[in-house]
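Colleague: Data: start-v3.cif, mmCIF, C-alpha atoms.
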data_start
#
loop_
_atom_site.group_PDB
_atom_site.id
_atom_site.type_symbol
_atom_site.label_atom_id
_atom_site.label_comp_id
_atom_site.auth_asym_id
_atom_site.auth_seq_id
_atom_site.Cartn_x
_atom_site.Cartn_y
_atom_site.Cartn_z
ATOM 1 C CA MET A 1 0.000 0.000 0.000
ATOM 2 C CA SER A 2 3.056 2.275 0.006
ATOM 3 C CA ALA A 3 5.618 3.196 -2.627
ATOM 4 C CA GLU A 4 9.204 1.977 -2.310
ATOM 5 C CA SER A 5 10.421 5.561 -1.906
ATOM 6 C CA ASP A 6 8.017 6.437 0.924
ATOM 7 C CA PRO A 7 9.747 7.099 4.279
ATOM 8 C CA VAL A 8 6.849 5.345 6.030
ATOM 9 C CA ARG A 9 5.437 2.067 4.714
ATOM 10 C CA LEU A 10 1.955 0.695 5.392
ATOM 11 C CA GLU A 11 0.942 -2.939 5.032
ATOM 12 C CA ILE A 12 -2.479 -4.349 5.899
ATOM 13 C CA ASP A 13 -2.735 -8.030 6.824
ATOM 14 C CA GLY A 14 -6.343 -8.767 7.689
ATOM 15 C CA THR A 15 -7.142 -6.929 10.914
ATOM 16 C CA ILE A 16 -3.501 -5.958 11.569
ATOM 17 C CA ALA A 17 -1.741 -2.939 10.064
ATOM 18 C CA VAL A 18 2.052 -2.743 10.122
ATOM 19 C CA VAL A 19 3.534 0.748 9.846
ATOM 20 C CA THR A 20 7.287 0.822 9.214
ATOM 21 C CA LEU A 21 9.569 3.827 9.591
ATOM 22 C CA HIS A 22 11.822 3.408 6.567
ATOM 23 C CA ARG A 23 14.933 5.535 6.603
ATOM 24 C CA PRO A 24 17.458 2.794 7.311
ATOM 25 C CA GLU A 25 20.474 4.713 6.016
ATOM 26 C CA ARG A 26 19.961 7.101 8.981
ATOM 27 C CA LYS A 27 18.770 4.419 11.444
ATOM 28 C CA ASN A 28 15.237 5.713 10.887
ATOM 29 C CA ALA A 29 16.130 9.119 12.321
ATOM 30 C CA LEU A 30 13.183 11.478 12.255
ATOM 31 C CA SER A 31 12.890 14.191 9.633
ATOM 32 C CA LYS A 32 9.927 16.425 8.917
ATOM 33 C CA ALA A 33 9.266 14.469 5.717
ATOM 34 C CA LEU A 34 9.175 11.194 7.651
ATOM 35 C CA VAL A 35 6.880 12.371 10.440
ATOM 36 C CA ASP A 36 4.612 14.194 7.967
ATOM 37 C CA ASP A 37 4.301 10.896 6.110
ATOM 38 C CA LEU A 38 3.663 9.068 9.395
ATOM 39 C CA LEU A 39 0.811 11.445 10.201
ATOM 40 C CA GLU A 40 -0.719 10.826 6.778
ATOM 41 C CA VAL A 41 -0.404 7.049 7.252
ATOM 42 C CA VAL A 42 -2.016 7.214 10.717
ATOM 43 C CA HIS A 43 -4.999 8.989 9.160
ATOM 44 C CA ARG A 44 -5.072 6.456 6.303
ATOM 45 C CA VAL A 45 -5.229 3.524 8.715
ATOM 46 C CA GLU A 46 -8.477 4.926 10.112
ATOM 47 C CA GLU A 47 -10.103 4.265 6.723
ATOM 48 C CA THR A 48 -9.049 0.603 6.574
ATOM 49 C CA SER A 49 -10.362 -2.627 8.088
ATOM 50 C CA ALA A 50 -7.350 -2.834 10.427
ATOM 51 C CA ARG A 51 -8.239 -3.053 14.107
ATOM 52 C CA VAL A 52 -4.721 -2.827 15.569
ATOM 53 C CA VAL A 53 -1.519 -1.158 14.338
ATOM 54 C CA ILE A 54 2.065 -2.311 14.879
ATOM 55 C CA LEU A 55 4.629 0.495 14.589
ATOM 56 C CA ARG A 56 8.190 -0.601 13.846
ATOM 57 C CA GLY A 57 11.440 0.590 12.282
ATOM 58 C CA ALA A 58 13.162 -0.858 9.224
ATOM 59 C CA GLU A 59 16.202 -3.106 9.344
ATOM 60 C CA GLY A 60 16.385 -3.790 13.054
ATOM 61 C CA THR A 61 16.246 -0.275 14.489
ATOM 62 C CA PHE A 62 13.084 1.398 15.753
ATOM 63 C CA SER A 63 14.395 4.964 15.502
ATOM 64 C CA ALA A 64 17.564 6.845 16.415
ATOM 65 C CA GLY A 65 15.465 9.957 17.144
ATOM 66 C CA GLY A 66 15.649 13.451 15.704
ATOM 67 C CA ASP A 67 18.161 13.992 12.922
ATOM 68 C CA LEU A 68 20.870 16.127 14.525
ATOM 69 C CA GLU A 69 22.243 17.135 11.140
ATOM 70 C CA GLN A 70 19.198 19.342 10.594
ATOM 71 C CA PRO A 71 19.559 23.127 11.038
ATOM 72 C CA PRO A 72 17.765 24.442 14.169
ATOM 73 C CA ASP A 73 14.676 25.723 12.333
ATOM 74 C CA GLU A 74 14.253 22.417 10.506
ATOM 75 C CA PHE A 75 14.722 20.554 13.789
ATOM 76 C CA VAL A 76 11.926 22.581 15.407
ATOM 77 C CA ASP A 77 9.692 21.964 12.377
ATOM 78 C CA GLU A 78 10.344 18.236 12.775
ATOM 79 C CA VAL A 79 9.489 18.435 16.494
ATOM 80 C CA SER A 80 6.215 20.198 15.683
ATOM 81 C CA ALA A 81 5.357 17.558 13.082
ATOM 82 C CA SER A 82 6.276 14.802 15.567
ATOM 83 C CA ILE A 83 3.882 16.246 18.132
ATOM 84 C CA ASP A 84 1.110 16.151 15.532
ATOM 85 C CA ALA A 85 1.893 12.518 14.668
ATOM 86 C CA ILE A 86 2.062 11.420 18.320
ATOM 87 C CA GLU A 87 -1.228 13.165 19.080
ATOM 88 C CA ALA A 88 -2.828 11.402 16.104
ATOM 89 C CA ILE A 89 -1.568 8.046 17.382
ATOM 90 C CA ARG A 90 -2.793 8.732 20.920
ATOM 91 C CA SER A 91 -6.228 9.832 19.709
ATOM 92 C CA SER A 92 -6.621 7.003 17.183
ATOM 93 C CA SER A 93 -9.506 4.572 17.521
ATOM 94 C CA ARG A 94 -6.985 1.800 16.791
ATOM 95 C CA PRO A 95 -4.540 0.614 19.471
ATOM 96 C CA TYR A 96 -0.861 1.022 18.529
ATOM 97 C CA VAL A 97 1.792 -1.512 19.524
ATOM 98 C CA ALA A 98 5.404 -0.321 19.265
ATOM 99 C CA ALA A 99 7.775 -3.125 18.243
ATOM 100 C CA ILE A 100 11.132 -1.832 19.488
ATOM 101 C CA GLU A 101 14.165 -3.458 17.919
ATOM 102 C CA GLY A 102 17.704 -2.100 18.183
ATOM 103 C CA ALA A 103 17.153 1.365 19.599
ATOM 104 C CA ALA A 104 14.386 3.811 20.429
ATOM 105 C CA VAL A 105 16.180 7.006 21.335
ATOM 106 C CA GLY A 106 15.067 10.619 21.737
ATOM 107 C CA GLY A 107 12.176 11.388 19.436
ATOM 108 C CA GLY A 108 12.081 7.712 18.495
ATOM 109 C CA LEU A 109 11.264 6.773 22.079
ATOM 110 C CA GLU A 110 8.715 9.580 22.216
ATOM 111 C CA LEU A 111 6.926 7.946 19.268
ATOM 112 C CA ALA A 112 6.931 4.661 21.184
ATOM 113 C CA LEU A 113 5.624 6.418 24.305
ATOM 114 C CA GLY A 114 2.688 7.634 22.236
ATOM 115 C CA CYS A 115 1.720 4.027 21.508
ATOM 116 C CA ASP A 116 -0.603 2.036 23.757
ATOM 117 C CA LEU A 117 1.696 -0.979 24.192
ATOM 118 C CA ARG A 118 5.443 -1.473 23.765
ATOM 119 C CA ILE A 119 7.359 -4.686 23.054
ATOM 120 C CA ALA A 120 11.164 -4.406 23.180
ATOM 121 C CA GLY A 121 14.104 -6.628 22.429
ATOM 122 C CA SER A 122 16.030 -7.534 25.569
ATOM 123 C CA ASP A 123 19.147 -5.908 24.153
ATOM 124 C CA ALA A 124 17.391 -2.865 22.689
ATOM 125 C CA ARG A 125 18.565 0.543 23.922
ATOM 126 C CA LEU A 126 15.968 3.064 25.080
ATOM 127 C CA GLY A 127 16.370 6.569 26.397
ATOM 128 C CA LEU A 128 15.951 10.299 26.071
ATOM 129 C CA PRO A 129 19.496 11.709 25.812
ATOM 130 C CA GLU A 130 18.484 15.160 24.563
ATOM 131 C CA THR A 131 20.036 17.011 27.512
ATOM 132 C CA SER A 132 23.441 15.636 26.502
ATOM 133 C CA VAL A 133 23.224 17.591 23.224
ATOM 134 C CA GLY A 134 21.759 20.801 24.643
ATOM 135 C CA ILE A 135 18.054 20.295 24.018
ATOM 136 C CA PHE A 136 15.253 18.513 25.907
ATOM 137 C CA PRO A 137 12.615 15.871 25.011
ATOM 138 C CA CYS A 138 10.156 18.313 23.493
ATOM 139 C CA ALA A 139 7.744 16.009 21.651
ATOM 140 C CA GLY A 140 6.011 14.621 24.731
ATOM 141 C CA GLY A 141 8.771 12.743 26.563
ATOM 142 C CA THR A 142 8.692 14.932 29.670
ATOM 143 C CA ARG A 143 4.901 14.546 29.848
ATOM 144 C CA LEU A 144 4.427 10.877 28.990
ATOM 145 C CA LEU A 145 7.422 9.207 30.636
ATOM 146 C CA PRO A 146 6.546 10.144 34.268
ATOM 147 C CA ARG A 147 3.032 8.805 33.726
ATOM 148 C CA LEU A 148 4.431 5.420 32.799
ATOM 149 C CA ILE A 149 7.296 4.925 35.246
ATOM 150 C CA GLY A 150 6.873 7.653 37.881
ATOM 151 C CA SER A 151 8.801 10.874 38.307
ATOM 152 C CA THR A 152 11.792 9.364 40.144
ATOM 153 C CA ARG A 153 12.828 6.974 37.375
ATOM 154 C CA ALA A 154 11.683 9.372 34.669
ATOM 155 C CA ASN A 155 13.967 12.061 36.042
ATOM 156 C CA GLU A 156 16.863 9.599 36.087
ATOM 157 C CA LEU A 157 16.474 9.022 32.358
ATOM 158 C CA LEU A 158 15.600 12.622 31.502
ATOM 159 C CA LEU A 159 18.372 14.316 33.485
ATOM 160 C CA THR A 160 21.236 11.860 32.983
ATOM 161 C CA GLY A 161 20.471 11.106 29.349
ATOM 162 C CA ARG A 162 21.457 7.486 29.935
ATOM 163 C CA LEU A 163 20.126 4.639 27.829
ATOM 164 C CA ILE A 164 18.692 1.494 29.383
ATOM 165 C CA SER A 165 18.238 -2.009 27.999
ATOM 166 C CA GLY A 166 14.949 -3.550 27.009
ATOM 167 C CA ASP A 167 15.194 -5.819 30.044
ATOM 168 C CA ARG A 168 15.610 -2.822 32.366
ATOM 169 C CA ALA A 169 12.759 -1.028 30.597
ATOM 170 C CA ASP A 170 10.580 -4.068 31.310
ATOM 171 C CA ASP A 171 11.571 -4.027 34.995
ATOM 172 C CA TRP A 172 10.661 -0.336 35.180
ATOM 173 C CA GLY A 173 7.305 -0.698 33.417
ATOM 174 C CA LEU A 174 8.408 1.322 30.404
ATOM 175 C CA VAL A 175 7.580 -1.590 28.094
ATOM 176 C CA ASN A 176 5.020 -4.365 28.376
ATOM 177 C CA ARG A 177 7.434 -7.158 27.472
ATOM 178 C CA ALA A 178 11.140 -7.584 26.809
ATOM 179 C CA VAL A 179 11.793 -10.618 24.624
ATOM 180 C CA ASP A 180 14.619 -12.051 22.567
ATOM 181 C CA ASP A 181 15.460 -9.589 19.824
ATOM 182 C CA ALA A 182 14.414 -12.090 17.147
ATOM 183 C CA ASP A 183 10.968 -12.464 18.740
ATOM 184 C CA VAL A 184 9.928 -8.805 18.930
ATOM 185 C CA MET A 185 7.670 -8.766 15.874
ATOM 186 C CA ASP A 186 6.120 -12.152 16.615
ATOM 187 C CA THR A 187 5.293 -11.036 20.157
ATOM 188 C CA ALA A 188 3.889 -7.722 18.952
ATOM 189 C CA ARG A 189 1.733 -9.598 16.454
ATOM 190 C CA GLU A 190 0.469 -11.967 19.166
ATOM 191 C CA PHE A 191 -0.641 -8.973 21.241
ATOM 192 C CA ALA A 192 -2.218 -7.367 18.177
ATOM 193 C CA GLU A 193 -4.135 -10.499 17.221
ATOM 194 C CA THR A 194 -5.506 -10.885 20.740
ATOM 195 C CA ILE A 195 -6.644 -7.257 20.810
ATOM 196 C CA ALA A 196 -8.120 -7.525 17.299
ATOM 197 C CA SER A 197 -10.351 -10.387 18.452
ATOM 198 C CA ASN A 198 -12.116 -8.049 20.881
ATOM 199 C CA SER A 199 -14.875 -5.548 20.165
ATOM 200 C CA PRO A 200 -13.601 -2.513 18.228
ATOM 201 C CA ARG A 201 -16.164 -0.339 19.982
ATOM 202 C CA GLY A 202 -15.113 -1.615 23.393
ATOM 203 C CA ILE A 203 -11.453 -1.074 22.524
ATOM 204 C CA GLU A 204 -12.056 2.458 21.237
ATOM 205 C CA ALA A 205 -14.051 3.388 24.340
ATOM 206 C CA THR A 206 -11.330 1.967 26.586
ATOM 207 C CA LEU A 207 -8.638 3.965 24.781
ATOM 208 C CA ARG A 208 -10.658 7.162 25.001
ATOM 209 C CA SER A 209 -11.296 6.620 28.700
ATOM 210 C CA THR A 210 -7.716 5.750 29.677
ATOM 211 C CA ASN A 211 -6.278 8.673 27.709
ATOM 212 C CA ASP A 212 -8.871 11.005 29.168
ATOM 213 C CA ALA A 213 -8.021 9.801 32.682
ATOM 214 C CA PHE A 214 -4.888 11.952 32.672
ATOM 215 C CA GLU A 215 -6.785 15.073 31.692
ATOM 216 C CA ARG A 216 -9.641 15.083 34.209
ATOM 217 C CA SER A 217 -10.288 14.543 37.896
ATOM 218 C CA VAL A 218 -11.505 11.074 38.898
ATOM 219 C CA ILE A 219 -15.029 12.361 39.531
ATOM 220 C CA ASP A 220 -15.279 14.254 36.237
ATOM 221 C CA GLY A 221 -13.680 11.343 34.422
ATOM 222 C CA THR A 222 -16.066 8.704 35.714
ATOM 223 C CA ARG A 223 -19.040 10.888 34.795
ATOM 224 C CA TRP A 224 -17.556 11.163 31.302
ATOM 225 C CA ASP A 225 -17.205 7.360 31.281
ATOM 226 C CA GLU A 226 -20.877 7.093 32.168
ATOM 227 C CA GLU A 227 -21.852 9.032 29.049
ATOM 228 C CA LEU A 228 -19.447 6.990 26.951
ATOM 229 C CA ALA A 229 -20.978 3.792 28.366
ATOM 230 C CA ARG A 230 -24.424 4.886 27.149
ATOM 231 C CA THR A 231 -23.113 4.965 23.596
ATOM 232 C CA VAL A 232 -21.164 1.698 23.762
ATOM 233 C CA ALA A 233 -23.925 -0.228 25.538
ATOM 234 C CA HIS A 234 -26.350 0.485 22.690
ATOM 235 C CA HIS A 235 -23.977 -0.710 19.965
ATOM 236 C CA PRO A 236 -24.671 -4.171 18.442
ATOM 237 C CA ASP A 237 -21.199 -5.347 19.532
ATOM 238 C CA PHE A 238 -22.301 -5.330 23.170
ATOM 239 C CA GLU A 239 -25.336 -7.490 22.460
ATOM 240 C CA GLU A 240 -23.193 -9.845 20.350
ATOM 241 C CA GLY A 241 -20.554 -10.070 23.076
ATOM 242 C CA LYS A 242 -23.117 -10.906 25.759
ATOM 243 C CA THR A 243 -24.919 -13.440 23.589
ATOM 244 C CA ALA A 244 -21.700 -15.159 22.525
ATOM 245 C CA PHE A 245 -20.542 -15.381 26.142
ATOM 246 C CA LEU A 246 -23.824 -16.965 27.229
ATOM 247 C CA ASP A 247 -23.762 -19.318 24.225
ATOM 248 C CA GLY A 248 -20.204 -20.388 24.918
ATOM 249 C CA ARG A 249 -18.888 -19.285 21.521
ATOM 250 C CA SER A 250 -16.468 -16.704 20.147
ATOM 251 C CA PRO A 251 -18.156 -13.383 19.282
ATOM 252 C CA THR A 252 -18.276 -11.972 15.769
ATOM 253 C CA PHE A 253 -17.866 -8.230 16.092
ATOM 254 C CA GLU A 254 -18.524 -5.663 13.386
ATOM 255 C CA ASP A 255 -15.567 -4.074 11.603
ATOM 256 C CA PRO A 256 -14.626 -0.537 12.702
#
When written as structure tokens, how does the structure in this file appear?

Modeller:
Amino acid sequence: MSAESDPVRLEIDGTIAVVTLHRPERKNALSKALVDDLLEVVHRVEETSARVVILRGAEGTFSAGGDLEQPPDEFVDEVSASIDAIEAIRSSSRPYVAAIEGAAVGGGLELALGCDLRIAGSDARLGLPETSVGIFPCAGGTRLLPRLIGSTRANELLLTGRLISGDRADDWGLVNRAVDDADVMDTAREFAETIASNSPRGIEATLRSTNDAFERSVIDGTRWDEELARTVAHHPDFEEGKTAFLDGRSPTFEDP
């Protein structure tokens, strides 16, 4: 579904979409052209039958982060475009699973943080080393990382600029699983297939609620959930899910 020259490739395999950052000669470093293309692909996925998206990097590296060879103005333009792409991923009705091979550094890790689940190779290297080059993680890293691993560990990564292994990231709760490097994509696909077997409406409502949880108080948020529940409860998927459960069979949910 993508041209060979595109910096982001999209493949649809049934209910699973695989989005690949494809700038291998620069270890999939982020440029404005790449993240603009990523944003377009994220929007395109919404028009497909895919229920779950796997985000990966080409040739064994997730992403080396922002391209430091860019002039300052181009770097800021890339950051702005990255924020747009990450927001589109976080607000998507489809769950995103980051398959982290090799390295997810700087803006590359920020892309992974924008995803709903993260699978990493045990030997992968993850971190936000921006302070070591005179900048800071300005595409969401300072906001998203503390939510995942708490401010103490987040500050260790943010202020020291150190990289940690996939195994350490698993211990800290930064990723959902650390697996052998050769098994990253298979594990990501297993997660995706399990999620894709569930109700798309239920999944979308869950994503909206969990993302909203960070923006509202608990009381306001649960009232918002109540209104969301009214919509989901009247969708045919809910009736099908209940009936299938009572009948002892697998449900057949409608496509998104």

Colleague: Quick one: contact table of segment 165-255 of chain A to segment 90-93 of chain A, 8 Å max, nearest atom pair and distance in Å to one decimal per residue, counting all atoms listed in the file, chain and number order, as a Markdown table?

Modeller:
| residue | atom | partner | partner_atom | distance |
| --- | --- | --- | --- | --- |
| A:Ile203 | CA | A:Ser93 | CA | 7.8 |
| A:Glu204 | CA | A:Ser93 | CA | 5.0 |
| A:Leu207 | CA | A:Ser93 | CA | 7.3 |
| A:Arg208 | CA | A:Ser91 | CA | 7.4 |
| A:Asn211 | CA | A:Arg90 | CA | 7.6 |

Colleague: Restricting the calculation to all atoms listed in the file, which member of A:Met185, A:Ile100, A:Val45, A:Ala169 is positioned closest to Pro256 of chain A?

Modeller: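 Smallest distance to Pro256 of chain A is found for A:Val45.
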
Colleague: Got a sec to resolve the PyMOL selection byres ((chain A and resi 189) around 10) on this structure and send the residues as a PDB file with C-alpha atoms, in the frame of the given file?

Modeller:
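File part-v4.pdb, as written:
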ATOM      1  CA  ILE A  16      -3.501  -5.958  11.569  1.00  0.00           C
ATOM      2  CA  ALA A  17      -1.741  -2.939  10.064  1.00  0.00           C
ATOM      3  CA  VAL A  18       2.052  -2.743  10.122  1.00  0.00           C
ATOM      4  CA  VAL A  52      -4.721  -2.827  15.569  1.00  0.00           C
ATOM      5  CA  VAL A  53      -1.519  -1.158  14.338  1.00  0.00           C
ATOM      6  CA  ILE A  54       2.065  -2.311  14.879  1.00  0.00           C
ATOM      7  CA  VAL A  97       1.792  -1.512  19.524  1.00  0.00           C
ATOM      8  CA  ALA A  99       7.775  -3.125  18.243  1.00  0.00           C
ATOM      9  CA  ILE A 119       7.359  -4.686  23.054  1.00  0.00           C
ATOM     10  CA  ASP A 183      10.968 -12.464  18.740  1.00  0.00           C
ATOM     11  CA  VAL A 184       9.928  -8.805  18.930  1.00  0.00           C
ATOM     12  CA  MET A 185       7.670  -8.766  15.874  1.00  0.00           C
ATOM     13  CA  ASP A 186       6.120 -12.152  16.615  1.00  0.00           C
ATOM     14  CA  THR A 187       5.293 -11.036  20.157  1.00  0.00           C
ATOM     15  CA  ALA A 188       3.889  -7.722  18.952  1.00  0.00           C
ATOM     16  CA  GLU A 190       0.469 -11.967  19.166  1.00  0.00           C
ATOM     17  CA  PHE A 191      -0.641  -8.973  21.241  1.00  0.00           C
ATOM     18  CA  ALA A 192      -2.218  -7.367  18.177  1.00  0.00           C
ATOM     19  CA  GLU A 193      -4.135 -10.499  17.221  1.00  0.00           C
ATOM     20  CA  THR A 194      -5.506 -10.885  20.740  1.00  0.00           C
ATOM     21  CA  ILE A 195      -6.644  -7.257  20.810  1.00  0.00           C
TER      22      ILE A 195
END

Colleague: List the neighbours of Phe62 of chain A out to 12 Å using all atoms listed in the file; skip same-chain residues closer than 5 positions along the sequence, and give me the result as a PDB file with C-alpha atoms, keeping the file's coordinate frame.

Modeller:
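Everything below was put into result.pdb:
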ATOM      1  CA  VAL A  19       3.534   0.748   9.846  1.00  0.00           C
ATOM      2  CA  THR A  20       7.287   0.822   9.214  1.00  0.00           C
ATOM      3  CA  LEU A  21       9.569   3.827   9.591  1.00  0.00           C
ATOM      4  CA  HIS A  22      11.822   3.408   6.567  1.00  0.00           C
ATOM      5  CA  ARG A  23      14.933   5.535   6.603  1.00  0.00           C
ATOM      6  CA  PRO A  24      17.458   2.794   7.311  1.00  0.00           C
ATOM      7  CA  ARG A  26      19.961   7.101   8.981  1.00  0.00           C
ATOM      8  CA  LYS A  27      18.770   4.419  11.444  1.00  0.00           C
ATOM      9  CA  ASN A  28      15.237   5.713  10.887  1.00  0.00           C
ATOM     10  CA  ALA A  29      16.130   9.119  12.321  1.00  0.00           C
ATOM     11  CA  LEU A  30      13.183  11.478  12.255  1.00  0.00           C
ATOM     12  CA  ILE A  54       2.065  -2.311  14.879  1.00  0.00           C
ATOM     13  CA  LEU A  55       4.629   0.495  14.589  1.00  0.00           C
ATOM     14  CA  ARG A  56       8.190  -0.601  13.846  1.00  0.00           C
ATOM     15  CA  GLY A  57      11.440   0.590  12.282  1.00  0.00           C
ATOM     16  CA  ALA A  98       5.404  -0.321  19.265  1.00  0.00           C
ATOM     17  CA  ALA A  99       7.775  -3.125  18.243  1.00  0.00           C
ATOM     18  CA  ILE A 100      11.132  -1.832  19.488  1.00  0.00           C
ATOM     19  CA  GLU A 101      14.165  -3.458  17.919  1.00  0.00           C
ATOM     20  CA  GLY A 102      17.704  -2.100  18.183  1.00  0.00           C
ATOM     21  CA  ALA A 103      17.153   1.365  19.599  1.00  0.00           C
ATOM     22  CA  ALA A 104      14.386   3.811  20.429  1.00  0.00           C
ATOM     23  CA  VAL A 105      16.180   7.006  21.335  1.00  0.00           C
ATOM     24  CA  GLY A 106      15.067  10.619  21.737  1.00  0.00           C
ATOM     25  CA  GLY A 107      12.176  11.388  19.436  1.00  0.00           C
ATOM     26  CA  GLY A 108      12.081   7.712  18.495  1.00  0.00           C
ATOM     27  CA  LEU A 109      11.264   6.773  22.079  1.00  0.00           C
ATOM     28  CA  GLU A 110       8.715   9.580  22.216  1.00  0.00           C
ATOM     29  CA  LEU A 111       6.926   7.946  19.268  1.00  0.00           C
ATOM     30  CA  ALA A 112       6.931   4.661  21.184  1.00  0.00           C
ATOM     31  CA  ARG A 118       5.443  -1.473  23.765  1.00  0.00           C
ATOM     32  CA  ILE A 119       7.359  -4.686  23.054  1.00  0.00           C
ATOM     33  CA  ALA A 120      11.164  -4.406  23.180  1.00  0.00           C
ATOM     34  CA  GLY A 121      14.104  -6.628  22.429  1.00  0.00           C
ATOM     35  CA  ALA A 124      17.391  -2.865  22.689  1.00  0.00           C
ATOM     36  CA  ARG A 125      18.565   0.543  23.922  1.00  0.00           C
ATOM     37  CA  LEU A 126      15.968   3.064  25.080  1.00  0.00           C
ATOM     38  CA  ASP A 181      15.460  -9.589  19.824  1.00  0.00           C
ATOM     39  CA  VAL A 184       9.928  -8.805  18.930  1.00  0.00           C
ATOM     40  CA  MET A 185       7.670  -8.766  15.874  1.00  0.00           C
TER      41      MET A 185
END

Colleague: Which distance in Å separates atom CA of Val41 of chain A and atom CA of Gly14 of chain A, to one decimal?

Modeller: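 Atom-to-atom, atom CA of Val41 of chain A to atom CA of Gly14 of chain A, that is 16.9 Å.
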
Colleague: Out of A:Thr131, A:Ser122, A:Thr243, A:Ser49, which residue has the shortest atom-to-atom distance to Asp170 of chain A when counting all atoms listed in the file?

Modeller: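 Distance minimum relative to Asp170 of chain A lands on A:Ser122.
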
Colleague: Can you work out which one of A:Ser31, A:Ser82, A:Thr48, A:Ser5 has the shortest atom-to-atom distance to Gly141 of chain A, counting only C-alpha atoms?

Modeller: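 Smallest distance to Gly141 of chain A is found for A:Ser82.
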
Colleague: Grab all the atoms of segment 159-173 of chain A that the file lists, wrap them in a box along x, y and z, add 4 Å per side, and give me centre plus edge lengths in Å (one decimal) as lines of an AutoDock Vina configuration file.

Modeller:
center_x = 14.4
center_y = 4.2
center_z = 31.1
size_x = 22.2
size_y = 28.1
size_z = 16.2

Colleague: State, in Å with one decimal place, the distance from atom CA of Leu39 of chain A to atom CA of Arg177 of chain A.

Modeller: 26.2 Å

Colleague: Measuring atom to atom with only C-alpha atoms, identify which of A:Asp255, A:Asp180, A:Glu156, A:Glu25 is nearest to Pro236 of chain A.

Modeller: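 The closest residue to Pro236 of chain A is A:Asp255.
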
Colleague: List the residues matched by the PyMOL selection byres ((chain A and resi 74-81) around 9) in the displayed structure as a short mmCIF file (atom, residue, chain, number, x, y, z; two decimals) with C-alpha atoms, in the frame of the given file, ordered by chain and then by residue number.

Modeller:
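After the write, result-v5.cif holds the following:
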data_model
loop_
_atom_site.label_atom_id
_atom_site.label_comp_id
_atom_site.auth_asym_id
_atom_site.auth_seq_id
_atom_site.Cartn_x
_atom_site.Cartn_y
_atom_site.Cartn_z
CA LEU A 30 13.18 11.48 12.26
CA SER A 31 12.89 14.19 9.63
CA LYS A 32 9.93 16.42 8.92
CA ALA A 33 9.27 14.47 5.72
CA LEU A 34 9.18 11.19 7.65
CA VAL A 35 6.88 12.37 10.44
CA ASP A 36 4.61 14.19 7.97
CA LEU A 39 0.81 11.44 10.20
CA GLY A 66 15.65 13.45 15.70
CA ASP A 67 18.16 13.99 12.92
CA LEU A 68 20.87 16.13 14.52
CA GLU A 69 22.24 17.14 11.14
CA GLN A 70 19.20 19.34 10.59
CA PRO A 71 19.56 23.13 11.04
CA PRO A 72 17.76 24.44 14.17
CA ASP A 73 14.68 25.72 12.33
CA SER A 82 6.28 14.80 15.57
CA ILE A 83 3.88 16.25 18.13
CA ASP A 84 1.11 16.15 15.53
CA ALA A 85 1.89 12.52 14.67
CA ILE A 86 2.06 11.42 18.32
CA GLY A 107 12.18 11.39 19.44
CA CYS A 138 10.16 18.31 23.49
CA ALA A 139 7.74 16.01 21.65
#

Colleague: Using all atoms listed in the file, find the one residue out of A:Ala154, A:Cys115, A:Ala182, A:Val8 that sits nearest to Arg94 of chain A.

Modeller: A:Cys115

Colleague: Could you tell me how far atom CA of Gly134 of chain A lies from atom CA of Leu158 of chain A, in Å and to one decimal?

Modeller: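 Distance reported for this atom pair: 12.3 Å.
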